[in-house]
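*Asks:* Pasting work-v8.cif below, which is mmCIF, C-alpha atoms.
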data_entry
#
loop_
_atom_site.label_atom_id
_atom_site.label_comp_id
_atom_site.auth_asym_id
_atom_site.auth_seq_id
_atom_site.Cartn_x
_atom_site.Cartn_y
_atom_site.Cartn_z
CA MET C 1 67.70 187.17 169.57
CA PRO C 2 71.00 185.56 170.66
CA PRO C 3 73.90 187.57 172.06
CA ARG C 4 76.24 188.97 169.43
CA THR C 5 79.43 189.32 171.52
CA LEU C 6 81.32 186.75 173.60
CA VAL C 7 83.45 188.28 176.38
CA LEU C 8 85.97 185.83 177.85
CA PHE C 9 87.73 186.48 181.17
CA ASP C 10 91.00 185.10 182.44
CA ILE C 11 90.88 184.17 186.15
CA ASP C 12 94.15 184.81 188.00
CA ALA C 13 95.00 188.52 188.38
CA THR C 14 92.07 189.40 186.10
CA LEU C 15 89.04 188.27 188.08
CA LEU C 16 90.80 187.71 191.38
CA ASN C 17 94.08 187.84 193.27
CA THR C 18 95.25 184.61 194.90
CA GLN C 19 98.71 185.94 195.92
CA ASP C 20 100.40 182.89 194.37
CA ALA C 21 98.12 180.43 196.18
CA GLY C 22 98.33 178.19 193.12
CA VAL C 23 102.11 177.95 193.41
CA VAL C 24 101.84 177.09 197.10
CA ALA C 25 99.22 174.43 196.31
CA TYR C 26 101.43 173.01 193.53
CA GLU C 27 104.26 172.60 196.04
CA MET C 28 101.98 170.89 198.56
CA ALA C 29 100.50 168.58 195.92
CA SER C 30 103.88 167.58 194.50
CA VAL C 31 105.11 166.56 197.95
CA LYS C 32 101.95 164.52 198.46
CA VAL C 33 102.15 162.74 195.08
CA PHE C 34 105.86 162.62 194.28
CA GLY C 35 107.65 163.32 197.56
CA VAL C 36 109.36 166.34 195.96
CA ALA C 37 108.34 169.98 196.32
CA PHE C 38 108.05 171.58 192.89
CA SER C 39 110.05 174.81 192.64
CA PHE C 40 109.08 177.53 190.19
CA VAL C 41 111.91 179.95 190.90
CA ASN C 42 112.74 181.85 187.68
CA VAL C 43 110.05 179.89 185.79
CA PRO C 44 107.63 182.18 183.87
CA LEU C 45 104.20 180.85 184.81
CA HIS C 46 102.00 183.81 183.88
CA GLY C 47 99.50 183.03 181.14
CA ARG C 48 100.38 179.34 180.80
CA LEU C 49 98.04 176.38 181.25
CA ASP C 50 98.06 174.40 184.49
CA SER C 51 98.70 171.31 182.42
CA GLU C 52 101.78 172.95 180.85
CA ASN C 53 103.15 173.98 184.25
CA TYR C 54 102.59 170.52 185.69
CA ALA C 55 104.23 168.66 182.80
CA ASP C 56 107.15 171.10 182.76
CA ALA C 57 107.70 170.72 186.50
CA VAL C 58 107.81 166.92 186.25
CA ARG C 59 110.45 167.19 183.51
CA ARG C 60 112.53 169.87 185.23
CA HIS C 61 112.68 167.94 188.49
CA GLY C 62 113.97 164.83 186.74
CA LEU C 63 111.34 162.52 188.16
CA GLY C 64 111.70 160.09 185.26
CA ILE C 65 108.00 159.30 185.11
CA ASP C 66 105.16 159.73 182.63
CA HIS C 67 103.43 162.88 183.84
CA VAL C 68 100.19 161.87 182.08
CA GLU C 69 99.97 158.68 184.12
CA HIS C 70 100.00 160.66 187.37
CA ALA C 71 97.99 163.68 186.21
CA ASP C 72 94.70 162.68 187.86
CA ALA C 73 96.37 162.04 191.22
CA PHE C 74 98.20 165.35 191.02
CA GLN C 75 95.08 167.32 190.10
CA SER C 76 93.19 165.79 193.01
CA ALA C 77 95.99 166.60 195.45
CA TYR C 78 96.27 170.11 194.02
CA ALA C 79 92.53 170.74 194.48
CA ILE C 80 92.71 169.66 198.12
CA ALA C 81 95.81 171.79 198.72
CA LEU C 82 94.25 174.86 197.09
CA GLU C 83 91.16 174.57 199.26
CA LYS C 84 93.41 174.40 202.33
CA VAL C 85 95.34 177.50 201.26
CA ALA C 86 92.10 179.39 200.61
CA GLU C 87 90.71 178.35 203.99
CA ASP C 88 93.87 179.51 205.76
CA ARG C 89 93.69 182.88 203.99
CA GLY C 90 89.98 183.43 204.43
CA GLY C 91 89.33 183.14 200.69
CA PHE C 92 90.70 185.12 197.77
CA GLU C 93 90.21 188.78 196.82
CA ALA C 94 88.26 189.90 193.77
CA CYS C 95 90.19 192.32 191.57
CA PRO C 96 89.15 196.01 191.59
CA GLY C 97 85.97 196.73 189.66
CA ILE C 98 85.28 193.17 188.53
CA VAL C 99 82.11 192.53 190.55
CA SER C 100 80.52 195.75 189.31
CA LEU C 101 81.55 195.01 185.72
CA LEU C 102 80.07 191.52 185.81
CA GLU C 103 76.84 192.90 187.23
CA CYS C 104 76.66 195.37 184.34
CA LEU C 105 77.38 192.70 181.73
CA ALA C 106 74.77 190.35 183.19
CA ASP C 107 72.12 192.96 182.32
CA LEU C 108 73.19 193.24 178.67
CA PRO C 109 71.40 190.73 176.42
CA GLU C 110 73.82 191.38 173.56
CA ILE C 111 76.74 189.99 175.58
CA GLN C 112 77.53 186.39 176.60
CA VAL C 113 80.13 186.14 179.36
CA GLY C 114 82.58 183.25 179.68
CA LEU C 115 85.98 182.15 180.89
CA LEU C 116 89.22 181.59 179.01
CA THR C 117 91.79 180.47 181.52
CA GLY C 118 94.88 178.39 182.08
CA ASN C 119 93.27 176.86 185.17
CA TRP C 120 91.94 173.34 185.30
CA GLU C 121 88.16 173.58 185.47
CA LYS C 122 87.56 172.30 189.00
CA THR C 123 90.17 174.49 190.66
CA GLY C 124 89.43 177.49 188.44
CA ARG C 125 85.78 177.42 189.46
CA PHE C 126 86.83 177.00 193.09
CA LYS C 127 88.99 180.13 192.93
CA ILE C 128 86.04 182.13 191.60
CA GLN C 129 83.81 180.86 194.40
CA ALA C 130 86.49 181.55 197.02
CA ALA C 131 86.68 185.17 195.83
CA GLY C 132 82.95 185.65 196.33
CA ILE C 133 82.26 186.01 192.60
CA ASP C 134 79.04 184.58 191.16
CA GLY C 135 80.29 181.87 188.80
CA THR C 136 76.90 181.25 187.20
CA ILE C 137 77.36 184.18 184.81
CA PHE C 138 80.12 182.35 182.91
CA GLY C 139 78.32 180.35 180.24
CA CYS C 140 80.91 179.65 177.51
CA ASN C 141 84.22 178.48 178.90
CA ALA C 142 87.62 177.17 177.87
CA PHE C 143 89.87 175.63 180.53
CA ALA C 144 93.30 173.98 180.58
CA GLU C 145 91.71 170.62 179.76
CA HIS C 146 90.57 171.96 176.39
CA GLY C 147 93.95 172.43 174.72
CA GLU C 148 97.68 171.87 174.89
CA HIS C 149 98.41 175.60 174.56
CA ARG C 150 96.48 178.75 175.39
CA ASP C 151 96.28 179.67 171.70
CA GLU C 152 93.91 176.72 171.19
CA LEU C 153 91.26 177.98 173.60
CA VAL C 154 89.42 180.74 171.71
CA PRO C 155 88.07 178.24 169.12
CA VAL C 156 86.78 176.07 171.98
CA ALA C 157 84.79 178.97 173.43
CA ARG C 158 83.55 179.96 169.96
CA HIS C 159 82.27 176.42 169.38
CA GLN C 160 80.50 176.42 172.76
CA PHE C 161 78.80 179.71 171.91
CA LYS C 162 77.58 178.36 168.58
CA SER C 163 76.31 175.18 170.26
CA MET C 164 74.38 177.27 172.81
CA HIS C 165 72.95 179.93 170.51
CA GLY C 166 72.89 178.35 167.05
CA VAL C 167 75.10 181.04 165.52
CA ALA C 168 78.72 182.10 165.90
CA PRO C 169 79.43 185.29 167.85
CA ARG C 170 80.01 188.43 165.77
CA ARG C 171 82.80 189.46 168.14
CA ILE C 172 84.95 187.65 170.69
CA ILE C 173 86.84 189.69 173.27
CA VAL C 174 89.47 188.14 175.55
CA ILE C 175 90.18 190.01 178.79
CA GLY C 176 93.39 189.16 180.61
CA ASP C 177 96.42 190.52 182.41
CA THR C 178 99.33 188.98 180.50
CA PRO C 179 100.87 189.15 177.02
CA ARG C 180 99.82 185.52 176.52
CA ASP C 181 96.17 186.55 176.90
CA VAL C 182 96.64 189.05 174.09
CA GLN C 183 98.53 186.49 172.01
CA CYS C 184 95.82 183.86 172.34
CA ALA C 185 93.16 186.41 171.40
CA LYS C 186 94.99 187.31 168.21
CA ALA C 187 95.60 183.63 167.42
CA GLY C 188 91.85 183.01 167.68
CA GLN C 189 90.82 186.04 165.59
CA ALA C 190 89.50 187.75 168.70
CA GLU C 191 89.99 191.20 170.21
CA ALA C 192 92.04 191.72 173.37
CA VAL C 193 91.49 193.86 176.44
CA ALA C 194 94.59 193.89 178.65
CA VAL C 195 94.20 194.86 182.30
CA ALA C 196 97.12 195.96 184.48
CA THR C 197 96.03 194.17 187.66
CA GLY C 198 98.76 191.51 187.40
CA VAL C 199 102.55 191.67 187.15
CA PHE C 200 102.54 193.54 183.81
CA ASP C 201 101.97 197.30 183.87
CA ALA C 202 99.95 199.24 181.31
CA GLU C 203 103.02 200.22 179.30
CA ALA C 204 104.14 196.62 178.90
CA LEU C 205 100.61 195.57 177.92
CA ARG C 206 100.31 198.32 175.30
CA ALA C 207 103.44 196.91 173.67
CA THR C 208 101.55 193.65 173.01
CA GLY C 209 99.19 195.30 170.53
CA ALA C 210 96.11 194.83 172.72
CA ASP C 211 93.01 196.56 171.35
CA LEU C 212 92.38 198.25 174.70
CA VAL C 213 94.50 198.57 177.85
CA VAL C 214 92.95 199.52 181.20
CA GLU C 215 94.32 199.89 184.72
CA ASN C 216 91.49 197.82 186.22
CA LEU C 217 88.09 196.47 185.25
CA SER C 218 85.88 199.08 186.84
CA PRO C 219 82.89 199.50 184.49
CA THR C 220 83.97 202.84 183.06
CA GLU C 221 82.19 204.43 180.13
CA GLY C 222 85.17 203.72 177.87
CA LEU C 223 85.37 200.02 178.74
CA LEU C 224 81.63 199.45 178.43
CA GLU C 225 81.53 201.34 175.14
CA PHE C 226 84.30 199.08 173.78
CA LEU C 227 82.57 195.88 174.91
CA ARG C 228 79.17 196.96 173.50
CA ARG C 229 80.48 198.29 170.21
#
Show me, as structure tokens, the structure contained in the file I just sent.
*Replies:*
Amino acid sequence: MPPRTLVLFDIDATLLNTQDAGVVAYEMASVKVFGVAFSFVNVPLHGRLDSENYADAVRRHGLGIDHVEHADAFQSAYAIALEKVAEDRGGFEACPGIVSLLECLADLPEIQVGLLTGNWEKTGRFKIQAAGIDGTIFGCNAFAEHGEHRDELVPVARHQFKSMHGVAPRRIIVIGDTPRDVQCAKAGQAEAVAVATGVFDAEALRATGADLVVENLSPTEGLLEFLRR
């Protein structure tokens, strides 16, 4: 019998904490490719796609170029820069409770685990590896390459699930740390679990209308009961 529930995790500040390593790598990559260090001061990055942040940065810095034409070069430079930052920092830190939760979910045949993230696939998977998290558990995934906006990603993961299992999931649950995670869940007719391990506290996340708000992703009875419902 196929799984009945698809649980989709965000990466940054949900699975792991990079301490803005992505921003540092963006700056390094932009110098390498364009000779200008991208600045993100007062730019709200949380919950956006890497592709959105890259295109916006090219426009804001007045480079006068087609960002699409240089996207491959930038992504390659960004991947190299991110690996250097991770090496200098001795890797990234898994968020509280996440390793135990993933171990619990891996033992539940009714649940398929996946990713729904604003990261490009290559660098998103690298972050997971650099945090010591087993990336093989994530079977149905939607990355920045799969849409122009985060709201387009739940249908991508739903389609992957149906291709894998022959049926659509009965439930889809998006787990993330930002209001945009909740928004994209609602846009894709999914449920939302908001976790206060990022810059938004539990009170701010409750205001989004999330179906469940938790302080962290430790596999508590309440969280597991919600996911297995």
*Asks:* Could you give me, as JSON lines, a per-residue list for segment 161-199 of chain C showing, wherever an atom lies at most 8 Å from an atom of segment 144-156 of chain C, the closest pair of atoms and their distance in Å to one decimal, using all atoms listed in the file and sorting by chain then residue number from low to high?
*Replies:*
{"residue": "C:Arg180", "atom": "CA", "partner": "C:Arg150", "partner_atom": "CA", "distance": 7.6}
{"residue": "C:Asp181", "atom": "CA", "partner": "C:Arg150", "partner_atom": "CA", "distance": 8.0}
{"residue": "C:Gln183", "atom": "CA", "partner": "C:Asp151", "partner_atom": "CA", "distance": 7.2}
{"residue": "C:Cys184", "atom": "CA", "partner": "C:Asp151", "partner_atom": "CA", "distance": 4.3}
{"residue": "C:Ala185", "atom": "CA", "partner": "C:Val154", "partner_atom": "CA", "distance": 6.8}
{"residue": "C:Ala187", "atom": "CA", "partner": "C:Asp151", "partner_atom": "CA", "distance": 5.9}
{"residue": "C:Gly188", "atom": "CA", "partner": "C:Val154", "partner_atom": "CA", "distance": 5.2}
{"residue": "C:Ala190", "atom": "CA", "partner": "C:Val154", "partner_atom": "CA", "distance": 7.6}
*Asks:* Keeping only C-alpha atoms, take the residues you just selected and write them out as a tab-separated table (two decimals), in the coordinates of the input.
*Replies:*
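File written: selection.tsv
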chain	number	residue	atom	x	y	z
C	180	ARG	CA	99.82	185.52	176.52
C	181	ASP	CA	96.17	186.55	176.90
C	183	GLN	CA	98.53	186.49	172.01
C	184	CYS	CA	95.82	183.86	172.34
C	185	ALA	CA	93.16	186.41	171.40
C	187	ALA	CA	95.60	183.63	167.42
C	188	GLY	CA	91.85	183.01	167.68
C	190	ALA	CA	89.50	187.75	168.70
*Asks:* Interatomic distance between atom CA of Lys162 of chain C and atom CA of Ile128 of chain C?
*Replies:* 24.8 Å
*Asks:* Leaving out Ala192 of chain C and any residue of its chain fewer than 4 positions from it, which residues lie within 10 Å of it when counting only C-alpha atoms, given as a list in words?
*Replies:* Val7, Leu8, Ile172, Ile173, Val174, Ile175, Gly176, Pro179, Asp181, Val182, Gln183, Cys184, Ala185, Lys186, Thr208, Gly209, Ala210, Asp211, Leu212 and Val213 of chain C
*Asks:* Counting all atoms listed in the file, which residue out of C:Gln129, C:Thr5, C:Gln160, C:Asn141 sits closest to Phe92 of chain C?
*Replies:*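 Ranked by minimum distance to Phe92 of chain C, first place goes to C:Gln129.
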*Asks:* Skip Ala71 of chain C itself and residues of its chain fewer than 4 positions away, then list as a list in words all residues within 10 Å of it, counting all atoms listed in the file.
*Replies:*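 In the requested format, the answer is Val33, Ser51, Tyr54, Ala55, Asp66, His67, Gln75, Ser76 and Ala77 of chain C.
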*Asks:* Since we have the selection now, will you write its residues out, keeping C-alpha atoms, as a PDB file, in the frame of the given file?
*Replies:*
ATOM      1  CA  VAL C  33     102.150 162.740 195.080  1.00  0.00           C
ATOM      2  CA  SER C  51      98.700 171.310 182.420  1.00  0.00           C
ATOM      3  CA  TYR C  54     102.590 170.520 185.690  1.00  0.00           C
ATOM      4  CA  ALA C  55     104.230 168.660 182.800  1.00  0.00           C
ATOM      5  CA  ASP C  66     105.160 159.730 182.630  1.00  0.00           C
ATOM      6  CA  HIS C  67     103.430 162.880 183.840  1.00  0.00           C
ATOM      7  CA  GLN C  75      95.080 167.320 190.100  1.00  0.00           C
ATOM      8  CA  SER C  76      93.190 165.790 193.010  1.00  0.00           C
ATOM      9  CA  ALA C  77      95.990 166.600 195.450  1.00  0.00           C
TER      10      ALA C  77
END
*Asks:* Could you jot down the atom CA of Phe126 of chain C to atom CA of Gly91 of chain C separation for me, Å, one decimal place?
*Replies:* 10.1 Å
*Asks:* Find the spatial neighbours of Glu103 of chain C, counting only C-alpha atoms, within a cut-off of 10 Å - ignore same-chain residues fewer than 6 positions away - and output them as a list in words.
*Replies:*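 So, after excluding close chain neighbours, the residues are Asp134, Ile137 and Pro219 of chain C.
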*Asks:* Could you list, as a ChimeraX atom specification, every residue matched by the PyMOL selection byres ((chain C and resi 101) around 9) in this structure?
*Replies:* /C:97-100,102-106,217-220,224
*Asks:* Identify all residues satisfying the PyMOL selection byres ((chain C and resi 10) around 9) in the given file; provide them as a list in words.
*Replies:*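 Selection result, ordered by chain and number: Leu8, Phe9, Ile11, Asp12, Ala13, Thr14, Leu15, Gly47, Leu115, Leu116, Thr117, Gly118, Asn119, Val174, Ile175, Gly176, Asp177 and Asp181 of chain C.
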*Asks:* Can I get the selection written as a compact mmCIF listing (two decimals), keeping the file's coordinate frame, with C-alpha atoms?
*Replies:*
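Contents of again29.txt, freshly written:
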# COMPACT_ATOMS: atom_id res chain seq x y z
CA LEU C 8 85.97 185.83 177.85
CA PHE C 9 87.73 186.48 181.17
CA ILE C 11 90.88 184.17 186.15
CA ASP C 12 94.15 184.81 188.00
CA ALA C 13 95.00 188.52 188.38
CA THR C 14 92.07 189.40 186.10
CA LEU C 15 89.04 188.27 188.08
CA GLY C 47 99.50 183.03 181.14
CA LEU C 115 85.98 182.15 180.89
CA LEU C 116 89.22 181.59 179.01
CA THR C 117 91.79 180.47 181.52
CA GLY C 118 94.88 178.39 182.08
CA ASN C 119 93.27 176.86 185.17
CA VAL C 174 89.47 188.14 175.55
CA ILE C 175 90.18 190.01 178.79
CA GLY C 176 93.39 189.16 180.61
CA ASP C 177 96.42 190.52 182.41
CA ASP C 181 96.17 186.55 176.90
*Asks:* For the file shown, what are the residues hit by the PyMOL selection byres ((chain C and resi 167) around 12), laid out as a compact mmCIF listing (two decimals) with C-alpha atoms, in the frame of the given file?
*Replies:*
# COMPACT_ATOMS: atom_id res chain seq x y z
CA MET C 1 67.70 187.17 169.57
CA PRO C 2 71.00 185.56 170.66
CA PRO C 3 73.90 187.57 172.06
CA ARG C 4 76.24 188.97 169.43
CA THR C 5 79.43 189.32 171.52
CA LEU C 6 81.32 186.75 173.60
CA ARG C 158 83.55 179.96 169.96
CA HIS C 159 82.27 176.42 169.38
CA GLN C 160 80.50 176.42 172.76
CA PHE C 161 78.80 179.71 171.91
CA LYS C 162 77.58 178.36 168.58
CA SER C 163 76.31 175.18 170.26
CA MET C 164 74.38 177.27 172.81
CA HIS C 165 72.95 179.93 170.51
CA GLY C 166 72.89 178.35 167.05
CA ALA C 168 78.72 182.10 165.90
CA PRO C 169 79.43 185.29 167.85
CA ARG C 170 80.01 188.43 165.77
CA ARG C 171 82.80 189.46 168.14
